[in-house]
Amino acid sequence: MKLKIKNPLDPVINFVDDKLKKFDPIWMAENGVGGQRTRYYDQTGIAKYREWRGVKDTMQAYVCWLKNLGMMGLMVGRAPTNFLKAFWEYRWMGSYLATFAFLDRLFEGYRGYELKVACMNSNTIVHCITDMMVNIIGNDRRLGGGKNTNKVIGLDEAVPALFIGGFPTLTPIPLQTLPEFVICDIDQHMEPFYIDVAESFGLPADVCSRCSAETGVTLDDAFPIVGLGAISSNTPCNASESTSMFQRRRFEDMGLAYHPFMNAMQHNTPEGHDYTLAEMKNAIKFVEDTYGVKWDMDAMLKVAEESNKQLEYEHIKWDYFKTPYSPLGGIAETLYKLVEFALGNAMNPYFSKNDKKVVKIMEYCYVNKIKPYKGKTRHRAFLWGPSAVYYCDFPTWTQNCWGLAIILNMDSTMGNVFIDTSDPERAMYDIARIEEKGIMRHHAVGGWDNVNAVWDWAKQFNCDMVICNDNVACKGMNGIHSMLEEEANAHGFRFLFLPQDLEDHRTISRQDMRNTINNYMSVVLNEEPLDPTLVEFDDSLAW
Amino acid sequence: MKDLKHLIYFENLLQEANNELVQKAIADGDKALGYNCYYLPEVLLNLPGSFSSRLRAPNCTSPDVATYYMTNRNCPYVRSILERAIEGGYNYLNALFGVEACSTMERMEEHFELLHPVENHPFVTHIIDAPIKGDSTNLDYYKVELKEILNCLKDLGIDTSEAAMKKAIEDHNEISAIMQEISDMRKADNPVITGYEFHVIQLVSQVCPHKYIKPYLQETLEELRKRAPEKEFPFRVRVVLYGSEVDDPEFTKLIETCGAMVVADRYCFGMFPSRETIEIKAGETAFDAIARHYLETNLCARFMDPAKIDQRHDFLENLAKEFNADGIIIQNMKFCEFWSYEKVLASHIMINELNIPSCTIEKEYAIGSVGQLRTRFQAFVESLEIKKINS
């Protein structure tokens, strides 16, 4: 295949690039005169100027930024009054202003094709999230509601909304995503407030900070009010179940009907699948009764076909991930997959359109043996465990600082089930299996075999290293700590735990997390950083 | 009050899991079946030729090896159980029947398969998934999971027939009737039994083979029927103890030494639930009745459906009324995710919505920080007394 067309301006561009290369942080690091961190104000995540990546790549990144800006402008334009009110109503709303800084940090150091696909994915993510925000803020009863207020159904953020595809007139929205899930990625200082609310109410500090924050949002009455009913779940874990007790009371206060949708905790057995299927049917009945709509199997099958299509693209990507030539990886892959699975739910065709283009670029890079990150990758790591990678742009940092590429993330393996659309009953069964294998659940819950699968995944993707996100409050993963270490040794992988506290940076800071890697790379592997300005820096005030 | 004849004997039986009555039953050829959680019906493990052994790890104060495997950020109860297993304290068991009631418990039970700490033959481990709602869908799933336990029992050569199950239910109901009568004695204004004594009796009924402990319980009941109470109620207030796992009677003793008699116990290993009568309804098999009974009576904090959540709070309210309690002590085992949340919610409902004074605390498995806890309990007792005076 051929993507590249000779540009007559190339000689001019090359000349400018050569003249301005001293502003390129990668060149600066290579020549010992600075690096990525040089352009930041101390302690913050605010850059003094945009990253100079050469003419083409700087333009690429800038156009991507403009597109994101455009989508956000469009979003506000679709419900301007509600958005304005939301800034007054919700403490968390202001944090969304940090989105641009967040997005810029995610892909720093990216060049060429890895930048191109990262930009495409970034635009798709923003497209999906702005759509969701319009659906939520634009229909929020607190803010005056909207024309679809009664056609929106709230689901626990960790529940794959795929099964709502059988209700084409309803729009599923993840309830906690706006005030908690997305915000913690964008602004590290927001969720500690809600965690403090929960703890001041008596909740111990040792519970998972994500669920603690959800509880804080509930107690602070900071959920948007949309729809007629809400569906909670035990996905992914015990703490999620517990937060539902509080949310149920709040939802009922808001006048919403409430239904808990259970998934088998031990989800590798046929009995477990049958149970989840029965529970899913109960949830469907709840929606029918609450909204007065009928389940539409044909509509469901259409969504199922789109889900299959997205999974097919995912498998194609996986094949390229196994090679050293994949321009897609790190946070560009992880965050995209998360948004596609958790927010897109195969109901947003934008993703497969984007995937089609991304896969073409991946093929091109593979055929032409183009290595990403200028071929500076030294190690290939599989990132395992419930993650806290976004707010600290961790995969980007590992790549830029140590040449450590995060090939795939545990949550990117979720929903790995093709739906048999030839038989409606079998299709429902397969959808139930997808429900069971949702966020932070597929491998972290349901028994040791699910966790221990990491070595096969890592081998399959030609990784030499496994990094296990060590959420200090995740009881399930803590419970098999040393078995993982012993298995890593038996399988011959470089292995390290990465302590983190999900949404509470006060317990384990970004620098603490980076130091875990720094220590391992310098002390255990005796390696030198690619960019010394990234080894130790203070970004404690950054969003 | 005069000392109970068997109290010291009972206390000694609680000093280790493999106590003399357990050894006696094993010598008879009975299979020893370990379990941790109420989700696993005790009655199914007391079919003819077998006996249940609810696992405790008495006097385990430093679960170092288990902490290596499970980190120090996990429930000390499960770490202590794993530690005791690694020490060889459960080598008498023929099975561990686990429940994914919480992920920590499940991980601990998995270590029985991964590390093979129990040196006995035969020894099997099986972990069931547990329902999280009380409706018919969840009852069906519960039955499917419990049938897996029956399959394991069959493999161990244990009779799982309808007749055997009916016999086990009879045995359960007999022991429950004894315990119900003893428990109800705590409703009196000046009871003939203390909370500590009840806790000891309740525990031996769960960790010893029924056929050997029942005569002692019956004799103790007779003794209590005739026992004269103190001239005056010896405690300053009456409290319900509510929350997660408590298998150390010293904890109850600690509360009572602060002046609060524990008149009712709703916690794992406590009376509520555990000793309710199992009724076989018309058209039900014994197995169906067992599954229904244990799902209906289960008051675990992990239930998510509104009916079950409300059930446990209504139950607690009724318990406080029925036993004439002045307040409720709500406790959770450190790092217990479910009871951490339930503690917050239950205390809010009790204090703010039902106007029942409550005190919340977090505890270790082995009683530590006694001074801090004592201060909390004393302050709570004083506040209850002041409330009484003011009213």
# chains A, B, ... in the order shown; residues from 1 in each chain; ligands from 1
>>> residues_around(residues="Ile329 of chain B", least_positions_apart="5", cutoff="9 Å", atoms="only C-alpha atoms", output="list in words")
Val239, Val240, Leu241, Tyr242, Gly243, Pro357, Ser358, Cys359, Thr360, Ile361, Phe377 and Phe380 of chain B
>>> write_last_selection(atoms="N, CA and C atoms", output="PDB file, in the first residue's frame")
ATOM      1  N   VAL B 239     -26.166  -3.353  74.854  1.00  0.00           N
ATOM      2  CA  VAL B 239     -25.883  -2.997  73.454  1.00  0.00           C
ATOM      3  C   VAL B 239     -26.015  -4.206  72.537  1.00  0.00           C
ATOM      4  N   VAL B 240     -26.288  -3.897  71.266  1.00  0.00           N
ATOM      5  CA  VAL B 240     -26.220  -4.902  70.203  1.00  0.00           C
ATOM      6  C   VAL B 240     -24.860  -4.735  69.539  1.00  0.00           C
ATOM      7  N   LEU B 241     -24.193  -5.844  69.286  1.00  0.00           N
ATOM      8  CA  LEU B 241     -22.925  -5.784  68.553  1.00  0.00           C
ATOM      9  C   LEU B 241     -23.202  -6.184  67.108  1.00  0.00           C
ATOM     10  N   TYR B 242     -22.869  -5.296  66.175  1.00  0.00           N
ATOM     11  CA  TYR B 242     -23.238  -5.463  64.763  1.00  0.00           C
ATOM     12  C   TYR B 242     -21.999  -5.304  63.901  1.00  0.00           C
ATOM     13  N   GLY B 243     -21.887  -6.116  62.854  1.00  0.00           N
ATOM     14  CA  GLY B 243     -20.788  -5.872  61.932  1.00  0.00           C
ATOM     15  C   GLY B 243     -20.169  -7.126  61.353  1.00  0.00           C
ATOM     16  N   PRO B 357     -28.879   5.290  69.352  1.00  0.00           N
ATOM     17  CA  PRO B 357     -27.474   5.673  69.527  1.00  0.00           C
ATOM     18  C   PRO B 357     -26.540   4.564  69.042  1.00  0.00           C
ATOM     19  N   SER B 358     -25.529   4.947  68.315  1.00  0.00           N
ATOM     20  CA  SER B 358     -24.599   3.947  67.785  1.00  0.00           C
ATOM     21  C   SER B 358     -23.172   4.457  67.855  1.00  0.00           C
ATOM     22  N   CYS B 359     -22.283   3.510  67.983  1.00  0.00           N
ATOM     23  CA  CYS B 359     -20.850   3.844  68.043  1.00  0.00           C
ATOM     24  C   CYS B 359     -20.159   2.987  66.990  1.00  0.00           C
ATOM     25  N   THR B 360     -19.269   3.561  66.209  1.00  0.00           N
ATOM     26  CA  THR B 360     -18.600   2.765  65.179  1.00  0.00           C
ATOM     27  C   THR B 360     -17.122   2.616  65.508  1.00  0.00           C
ATOM     28  N   ILE B 361     -16.627   1.420  65.296  1.00  0.00           N
ATOM     29  CA  ILE B 361     -15.188   1.203  65.509  1.00  0.00           C
ATOM     30  C   ILE B 361     -14.642   0.266  64.422  1.00  0.00           C
ATOM     31  N   PHE B 377     -15.340   2.585  73.979  1.00  0.00           N
ATOM     32  CA  PHE B 377     -16.518   1.921  74.558  1.00  0.00           C
ATOM     33  C   PHE B 377     -16.968   2.631  75.840  1.00  0.00           C
ATOM     34  N   PHE B 380     -18.813   5.684  74.958  1.00  0.00           N
ATOM     35  CA  PHE B 380     -20.143   5.354  74.433  1.00  0.00           C
ATOM     36  C   PHE B 380     -21.097   4.981  75.573  1.00  0.00           C
TER      37      PHE B 380
END
>>> closest_atom_pairs(of="chain B", to="chain A", cutoff="7 Å", atoms="only C-alpha atoms", output="JSON lines")
{"residue": "B:Tyr68", "atom": "CA", "partner": "A:Ser482", "partner_atom": "CA", "distance": 6.5}
{"residue": "B:Tyr69", "atom": "CA", "partner": "A:Ser482", "partner_atom": "CA", "distance": 4.7}
{"residue": "B:Met70", "atom": "CA", "partner": "A:Gly479", "partner_atom": "CA", "distance": 4.2}
{"residue": "B:Thr71", "atom": "CA", "partner": "A:Asn478", "partner_atom": "CA", "distance": 6.0}
{"residue": "B:Asn74", "atom": "CA", "partner": "A:Lys475", "partner_atom": "CA", "distance": 6.0}
{"residue": "B:Cys102", "atom": "CA", "partner": "A:Asn238", "partner_atom": "CA", "distance": 6.5}
{"residue": "B:Ser103", "atom": "CA", "partner": "A:Gly476", "partner_atom": "CA", "distance": 5.0}
{"residue": "B:Thr104", "atom": "CA", "partner": "A:Gly476", "partner_atom": "CA", "distance": 5.5}
{"residue": "B:Arg107", "atom": "CA", "partner": "A:Gly479", "partner_atom": "CA", "distance": 5.4}
{"residue": "B:Met108", "atom": "CA", "partner": "A:Gly479", "partner_atom": "CA", "distance": 7.0}
{"residue": "B:Asp129", "atom": "CA", "partner": "A:Gln266", "partner_atom": "CA", "distance": 5.9}
{"residue": "B:Thr137", "atom": "CA", "partner": "A:Ala278", "partner_atom": "CA", "distance": 6.8}
{"residue": "B:Tyr141", "atom": "CA", "partner": "A:Tyr275", "partner_atom": "CA", "distance": 6.2}
{"residue": "B:Arg302", "atom": "CA", "partner": "A:Ser242", "partner_atom": "CA", "distance": 6.8}
{"residue": "B:Met304", "atom": "CA", "partner": "A:Glu241", "partner_atom": "CA", "distance": 6.6}
{"residue": "B:Asp305", "atom": "CA", "partner": "A:Pro260", "partner_atom": "CA", "distance": 6.2}
{"residue": "B:Phe335", "atom": "CA", "partner": "A:Asp206", "partner_atom": "CA", "distance": 6.3}
{"residue": "B:Glu337", "atom": "CA", "partner": "A:Ala239", "partner_atom": "CA", "distance": 6.0}
{"residue": "B:Phe338", "atom": "CA", "partner": "A:Ser242", "partner_atom": "CA", "distance": 5.9}
{"residue": "B:Ser340", "atom": "CA", "partner": "A:Leu203", "partner_atom": "CA", "distance": 6.4}
{"residue": "B:Tyr341", "atom": "CA", "partner": "A:Ser242", "partner_atom": "CA", "distance": 6.0}
{"residue": "B:Val344", "atom": "CA", "partner": "A:Gly202", "partner_atom": "CA", "distance": 5.7}
>>> write_last_selection(atoms="N, CA and C atoms", output="compact mmCIF listing (two decimals), in the first residue's frame")
# COMPACT_ATOMS: atom_id res chain seq x y z
N TYR B 68 3.19 -11.97 53.56
CA TYR B 68 4.06 -12.02 52.38
C TYR B 68 3.21 -12.34 51.15
N TYR B 69 2.30 -13.27 51.29
CA TYR B 69 1.50 -13.66 50.12
C TYR B 69 0.38 -12.67 49.79
N MET B 70 -0.19 -12.05 50.80
CA MET B 70 -1.41 -11.25 50.56
C MET B 70 -1.24 -9.77 50.89
N THR B 71 -0.06 -9.34 51.24
CA THR B 71 0.25 -7.96 51.66
C THR B 71 -0.39 -7.64 53.02
N ASN B 74 -4.58 -6.19 53.60
CA ASN B 74 -5.74 -7.04 53.46
C ASN B 74 -6.28 -7.50 54.81
N CYS B 102 -16.29 -12.32 49.43
CA CYS B 102 -15.52 -11.12 49.13
C CYS B 102 -14.24 -11.57 48.44
N SER B 103 -13.63 -10.67 47.72
CA SER B 103 -12.47 -11.09 46.92
C SER B 103 -11.30 -11.49 47.81
N THR B 104 -11.19 -10.89 48.98
CA THR B 104 -10.08 -11.25 49.86
C THR B 104 -10.22 -12.69 50.34
N ARG B 107 -9.36 -15.00 47.55
CA ARG B 107 -7.92 -15.12 47.32
C ARG B 107 -7.28 -16.03 48.37
N MET B 108 -7.71 -15.86 49.62
CA MET B 108 -7.16 -16.69 50.68
C MET B 108 -7.46 -18.17 50.39
N ASP B 129 -19.43 -19.38 43.83
CA ASP B 129 -19.82 -17.99 43.65
C ASP B 129 -21.07 -17.77 44.50
N THR B 137 -33.92 -15.39 40.68
CA THR B 137 -32.78 -15.62 39.78
C THR B 137 -31.55 -15.98 40.61
N TYR B 141 -29.29 -19.51 41.06
CA TYR B 141 -27.83 -19.57 40.91
C TYR B 141 -27.18 -20.17 42.17
N ARG B 302 -22.85 -7.54 51.68
CA ARG B 302 -22.57 -7.47 50.24
C ARG B 302 -23.84 -7.48 49.40
N MET B 304 -26.95 -6.36 47.39
CA MET B 304 -27.12 -5.08 46.70
C MET B 304 -28.56 -4.69 46.43
N ASP B 305 -29.47 -5.65 46.49
CA ASP B 305 -30.83 -5.26 46.13
C ASP B 305 -31.49 -4.54 47.31
N PHE B 335 -9.80 -3.27 56.88
CA PHE B 335 -9.67 -3.63 55.46
C PHE B 335 -10.86 -4.41 54.91
N GLU B 337 -13.90 -4.38 53.08
CA GLU B 337 -14.51 -3.37 52.22
C GLU B 337 -16.03 -3.27 52.45
N PHE B 338 -16.69 -4.42 52.48
CA PHE B 338 -18.16 -4.40 52.63
C PHE B 338 -18.59 -3.76 53.94
N SER B 340 -16.88 -1.87 55.89
CA SER B 340 -16.45 -0.46 56.00
C SER B 340 -17.57 0.44 55.51
N TYR B 341 -18.14 0.06 54.37
CA TYR B 341 -19.24 0.85 53.81
C TYR B 341 -20.50 0.70 54.65
N VAL B 344 -20.70 2.75 57.80
CA VAL B 344 -21.05 4.15 57.57
C VAL B 344 -22.55 4.31 57.34
>>> closest_residue(among="A:Arg78, A:Lys374, A:Lys309, A:Lys294", to="Ser326 of chain A", atoms="only C-alpha atoms")
A:Lys374
>>> residues_around(residues="Arg84 of chain B", least_positions_apart="2", cutoff="12 Å", atoms="only C-alpha atoms", output="ChimeraX atom specification")
/B:16-18,55-67,76-82,86-91,108,112,117-118
>>> residues_around(residues="Gly270 of chain B", least_positions_apart="2", cutoff="10 Å", atoms="only C-alpha atoms", output="list in words")
Phe198, His199, Gln202, Leu203, Gln206, Leu241, Tyr242, Gly243, Ser244, Glu245, Val246, Asp247, Ala264, Asp265, Arg266, Tyr267, Cys268, Phe272, Pro273, Ser274 and Arg275 of chain B
>>> write_last_selection(atoms="N, CA and C atoms", output="mmCIF file, in the first residue's frame")
data_model
loop_
_atom_site.group_PDB
_atom_site.id
_atom_site.type_symbol
_atom_site.label_atom_id
_atom_site.label_comp_id
_atom_site.auth_asym_id
_atom_site.auth_seq_id
_atom_site.Cartn_x
_atom_site.Cartn_y
_atom_site.Cartn_z
ATOM 1 N N PHE B 198 -22.292 -16.143 76.313
ATOM 2 C CA PHE B 198 -23.044 -16.535 75.127
ATOM 3 C C PHE B 198 -22.111 -16.660 73.917
ATOM 4 N N HIS B 199 -21.209 -15.724 73.803
ATOM 5 C CA HIS B 199 -20.290 -15.741 72.661
ATOM 6 C C HIS B 199 -19.480 -17.043 72.646
ATOM 7 N N GLN B 202 -21.829 -19.899 71.663
ATOM 8 C CA GLN B 202 -22.160 -19.801 70.234
ATOM 9 C C GLN B 202 -20.986 -20.286 69.374
ATOM 10 N N LEU B 203 -19.788 -19.920 69.768
ATOM 11 C CA LEU B 203 -18.614 -20.314 68.978
ATOM 12 C C LEU B 203 -18.390 -21.823 69.017
ATOM 13 N N GLN B 206 -20.252 -23.813 66.664
ATOM 14 C CA GLN B 206 -19.891 -23.716 65.243
ATOM 15 C C GLN B 206 -18.564 -24.384 64.899
ATOM 16 N N LEU B 241 -24.193 -5.844 69.286
ATOM 17 C CA LEU B 241 -22.925 -5.784 68.553
ATOM 18 C C LEU B 241 -23.202 -6.184 67.108
ATOM 19 N N TYR B 242 -22.869 -5.296 66.175
ATOM 20 C CA TYR B 242 -23.238 -5.463 64.763
ATOM 21 C C TYR B 242 -21.999 -5.304 63.901
ATOM 22 N N GLY B 243 -21.887 -6.116 62.854
ATOM 23 C CA GLY B 243 -20.788 -5.872 61.932
ATOM 24 C C GLY B 243 -20.169 -7.126 61.353
ATOM 25 N N SER B 244 -18.871 -7.036 61.101
ATOM 26 C CA SER B 244 -18.185 -8.101 60.370
ATOM 27 C C SER B 244 -17.723 -9.197 61.319
ATOM 28 N N GLU B 245 -16.703 -9.904 60.909
ATOM 29 C CA GLU B 245 -16.270 -11.117 61.605
ATOM 30 C C GLU B 245 -15.779 -10.832 63.025
ATOM 31 N N VAL B 246 -16.313 -11.568 63.992
ATOM 32 C CA VAL B 246 -15.789 -11.545 65.367
ATOM 33 C C VAL B 246 -15.790 -12.990 65.856
ATOM 34 N N ASP B 247 -14.617 -13.550 66.012
ATOM 35 C CA ASP B 247 -14.611 -14.908 66.565
ATOM 36 C C ASP B 247 -13.771 -14.990 67.834
ATOM 37 N N ALA B 264 -27.182 -8.823 72.085
ATOM 38 C CA ALA B 264 -27.477 -9.487 70.809
ATOM 39 C C ALA B 264 -26.287 -9.310 69.882
ATOM 40 N N ASP B 265 -26.092 -10.313 69.044
ATOM 41 C CA ASP B 265 -24.880 -10.363 68.228
ATOM 42 C C ASP B 265 -25.229 -10.610 66.772
ATOM 43 N N ARG B 266 -25.140 -9.592 65.956
ATOM 44 C CA ARG B 266 -25.336 -9.750 64.509
ATOM 45 C C ARG B 266 -24.009 -9.487 63.817
ATOM 46 N N TYR B 267 -23.208 -10.535 63.759
ATOM 47 C CA TYR B 267 -21.921 -10.455 63.050
ATOM 48 C C TYR B 267 -21.570 -11.860 62.581
ATOM 49 N N CYS B 268 -20.591 -11.976 61.708
ATOM 50 C CA CYS B 268 -20.172 -13.286 61.241
ATOM 51 C C CYS B 268 -19.710 -14.071 62.477
ATOM 52 N N PHE B 272 -27.053 -14.216 65.031
ATOM 53 C CA PHE B 272 -27.963 -13.734 63.977
ATOM 54 C C PHE B 272 -27.184 -13.385 62.723
ATOM 55 N N PRO B 273 -27.314 -14.087 61.649
ATOM 56 C CA PRO B 273 -28.086 -15.312 61.544
ATOM 57 C C PRO B 273 -27.165 -16.520 61.748
ATOM 58 N N SER B 274 -27.664 -17.603 62.207
ATOM 59 C CA SER B 274 -26.952 -18.883 62.227
ATOM 60 C C SER B 274 -27.820 -19.971 62.819
ATOM 61 N N ARG B 275 -28.625 -19.603 63.806
ATOM 62 C CA ARG B 275 -29.337 -20.666 64.515
ATOM 63 C C ARG B 275 -30.845 -20.551 64.356
#
>>> atom_distance(atom1="atom CA of Asn123 of chain A", atom2="atom CA of Asn68 of chain A")
6.0 Å
>>> residues_around(residues="Lys143 of chain B", least_positions_apart="3", cutoff="9 Å", atoms="only C-alpha atoms", output="number ranges by chain")
B: 138-140, 146-148, 287-288, 291-292
>>> write_last_selection(atoms="C-alpha atoms", output="CSV table (one decimal), in the first residue's frame")
chain,number,residue,atom,x,y,z
B,138,ASN,CA,-30.2,-15.5,42.5
B,139,LEU,CA,-31.8,-18.4,44.4
B,140,ASP,CA,-31.5,-20.5,41.3
B,146,LEU,CA,-24.4,-25.5,46.1
B,147,LYS,CA,-25.0,-28.5,43.9
B,148,GLU,CA,-21.2,-28.3,43.2
B,287,PHE,CA,-32.0,-29.2,49.5
B,288,ASP,CA,-34.3,-26.5,48.2
B,291,ALA,CA,-30.8,-23.0,49.8
B,292,ARG,CA,-33.9,-20.8,50.4
>>> select_by_dssp(residues="segment 227-256 of chain B", states="alpha helix (DSSP H)", output="ChimeraX atom specification")
/B:249-256
>>> select_by_dssp(residues="segment 319-506 of chain A", states="strand (DSSP E or B)", output="mmCIF file with N, CA and C atoms, in the first residue's frame")
data_model
loop_
_atom_site.group_PDB
_atom_site.id
_atom_site.type_symbol
_atom_site.label_atom_id
_atom_site.label_comp_id
_atom_site.auth_asym_id
_atom_site.auth_seq_id
_atom_site.Cartn_x
_atom_site.Cartn_y
_atom_site.Cartn_z
ATOM 1 N N HIS A 379 12.504 -1.706 25.840
ATOM 2 C CA HIS A 379 11.767 -2.803 26.471
ATOM 3 C C HIS A 379 10.305 -2.718 26.073
ATOM 4 N N ARG A 380 9.698 -3.897 26.024
ATOM 5 C CA ARG A 380 8.266 -3.973 25.710
ATOM 6 C C ARG A 380 7.555 -4.510 26.941
ATOM 7 N N ALA A 381 6.655 -3.713 27.477
ATOM 8 C CA ALA A 381 6.006 -4.105 28.732
ATOM 9 C C ALA A 381 4.507 -4.305 28.562
ATOM 10 N N PHE A 382 3.989 -5.282 29.272
ATOM 11 C CA PHE A 382 2.543 -5.459 29.383
ATOM 12 C C PHE A 382 2.135 -4.850 30.709
ATOM 13 N N LEU A 383 1.157 -3.966 30.680
ATOM 14 C CA LEU A 383 0.724 -3.298 31.907
ATOM 15 C C LEU A 383 -0.502 -4.033 32.450
ATOM 16 N N TRP A 384 -0.387 -4.521 33.656
ATOM 17 C CA TRP A 384 -1.417 -5.405 34.219
ATOM 18 C C TRP A 384 -2.051 -4.759 35.444
ATOM 19 N N LEU A 404 10.715 2.601 27.412
ATOM 20 C CA LEU A 404 9.939 1.443 27.858
ATOM 21 C C LEU A 404 8.533 1.573 27.269
ATOM 22 N N ALA A 405 8.258 0.768 26.267
ATOM 23 C CA ALA A 405 6.966 0.885 25.571
ATOM 24 C C ALA A 405 5.916 0.033 26.271
ATOM 25 N N ILE A 406 4.779 0.647 26.558
ATOM 26 C CA ILE A 406 3.646 -0.129 27.076
ATOM 27 C C ILE A 406 2.887 -0.635 25.857
ATOM 28 N N ILE A 407 2.997 -1.915 25.616
ATOM 29 C CA ILE A 407 2.403 -2.483 24.401
ATOM 30 C C ILE A 407 0.894 -2.620 24.544
ATOM 31 N N LEU A 408 0.480 -3.150 25.656
ATOM 32 C CA LEU A 408 -0.953 -3.328 25.874
ATOM 33 C C LEU A 408 -1.238 -3.263 27.368
ATOM 34 N N ASN A 409 -2.464 -2.951 27.678
ATOM 35 C CA ASN A 409 -2.902 -2.762 29.049
ATOM 36 C C ASN A 409 -3.954 -3.824 29.362
ATOM 37 N N MET A 465 8.792 -7.570 29.678
ATOM 38 C CA MET A 465 8.568 -7.023 30.999
ATOM 39 C C MET A 465 7.060 -6.985 31.294
ATOM 40 N N VAL A 466 6.735 -7.175 32.571
ATOM 41 C CA VAL A 466 5.347 -6.997 33.013
ATOM 42 C C VAL A 466 5.360 -6.009 34.171
ATOM 43 N N ILE A 467 4.540 -4.978 34.035
ATOM 44 C CA ILE A 467 4.406 -4.007 35.129
ATOM 45 C C ILE A 467 2.997 -4.182 35.700
ATOM 46 N N CYS A 468 2.949 -4.448 36.977
ATOM 47 C CA CYS A 468 1.638 -4.668 37.589
ATOM 48 C C CYS A 468 1.230 -3.437 38.389
ATOM 49 N N ASN A 469 0.169 -2.804 37.954
ATOM 50 C CA ASN A 469 -0.369 -1.669 38.710
ATOM 51 C C ASN A 469 -0.788 -2.148 40.079
ATOM 52 N N ASP A 470 -0.169 -1.620 41.076
ATOM 53 C CA ASP A 470 -0.424 -2.096 42.433
ATOM 54 C C ASP A 470 -1.280 -1.056 43.154
ATOM 55 N N ASN A 471 -2.580 -1.153 42.921
ATOM 56 C CA ASN A 471 -3.502 -0.250 43.625
ATOM 57 C C ASN A 471 -3.488 -0.641 45.099
ATOM 58 N N ARG A 494 10.904 -9.843 33.393
ATOM 59 C CA ARG A 494 11.211 -8.711 34.274
ATOM 60 C C ARG A 494 9.868 -8.241 34.825
ATOM 61 N N PHE A 495 9.815 -8.035 36.108
ATOM 62 C CA PHE A 495 8.509 -7.780 36.716
ATOM 63 C C PHE A 495 8.636 -6.771 37.832
ATOM 64 N N LEU A 496 7.715 -5.829 37.863
ATOM 65 C CA LEU A 496 7.705 -4.938 39.013
ATOM 66 C C LEU A 496 6.287 -4.478 39.314
ATOM 67 N N PHE A 497 6.062 -4.238 40.580
ATOM 68 C CA PHE A 497 4.799 -3.649 41.013
ATOM 69 C C PHE A 497 4.928 -2.136 40.959
ATOM 70 N N LEU A 498 3.856 -1.508 40.508
ATOM 71 C CA LEU A 498 3.843 -0.058 40.444
ATOM 72 C C LEU A 498 2.814 0.466 41.448
ATOM 73 N N PRO A 499 3.249 0.786 42.668
ATOM 74 C CA PRO A 499 2.270 1.246 43.669
ATOM 75 C C PRO A 499 1.573 2.530 43.225
ATOM 76 N N GLN A 500 0.273 2.588 43.442
ATOM 77 C CA GLN A 500 -0.520 3.771 43.107
ATOM 78 C C GLN A 500 -1.812 3.715 43.900
#
>>> atom_distance(atom1="atom CA of Asn318 of chain B", atom2="atom CA of Leu299 of chain B")
13.5 Å
>>> residues_around(residues="Asp539 of chain A", least_positions_apart="4", cutoff="12 Å", atoms="only C-alpha atoms", output="number ranges by chain")
A: 37, 40-47, 188-189, 391-392, 505, 509-512, 514, 534-535, 543
>>> residues_around(residues="Asp30 of chain B", least_positions_apart="4", cutoff="10 Å", atoms="only C-alpha atoms", output="VMD selection string")
chain B and resid 22 to 26 46 to 51 94 158 209
>>> write_last_selection(atoms="C-alpha atoms", output="mmCIF file, in the first residue's frame")
data_model
loop_
_atom_site.group_PDB
_atom_site.id
_atom_site.type_symbol
_atom_site.label_atom_id
_atom_site.label_comp_id
_atom_site.auth_asym_id
_atom_site.auth_seq_id
_atom_site.Cartn_x
_atom_site.Cartn_y
_atom_site.Cartn_z
ATOM 1 C CA VAL B 22 -12.736 -32.531 66.407
ATOM 2 C CA GLN B 23 -10.114 -35.190 66.973
ATOM 3 C CA LYS B 24 -12.714 -37.485 68.473
ATOM 4 C CA ALA B 25 -14.983 -37.158 65.429
ATOM 5 C CA ILE B 26 -12.079 -37.786 63.081
ATOM 6 C CA ASN B 46 -23.125 -31.953 58.714
ATOM 7 C CA LEU B 47 -24.523 -34.756 56.638
ATOM 8 C CA PRO B 48 -24.058 -38.199 58.180
ATOM 9 C CA GLY B 49 -20.358 -39.129 58.198
ATOM 10 C CA SER B 50 -19.109 -35.561 58.164
ATOM 11 C CA PHE B 51 -18.945 -32.513 60.377
ATOM 12 C CA ASN B 94 -10.671 -33.166 54.338
ATOM 13 C CA ILE B 158 -20.641 -38.629 51.961
ATOM 14 C CA PRO B 209 -18.789 -31.560 65.740
#
>>> closest_residue(among="A:Pro179, A:Thr533, A:Pro192, A:Asp131", to="Asp221 of chain A", atoms="only C-alpha atoms")
A:Pro179
>>> atom_distance(atom1="atom CA of Asn519 of chain A", atom2="atom CA of Gly329 of chain A")
23.7 Å
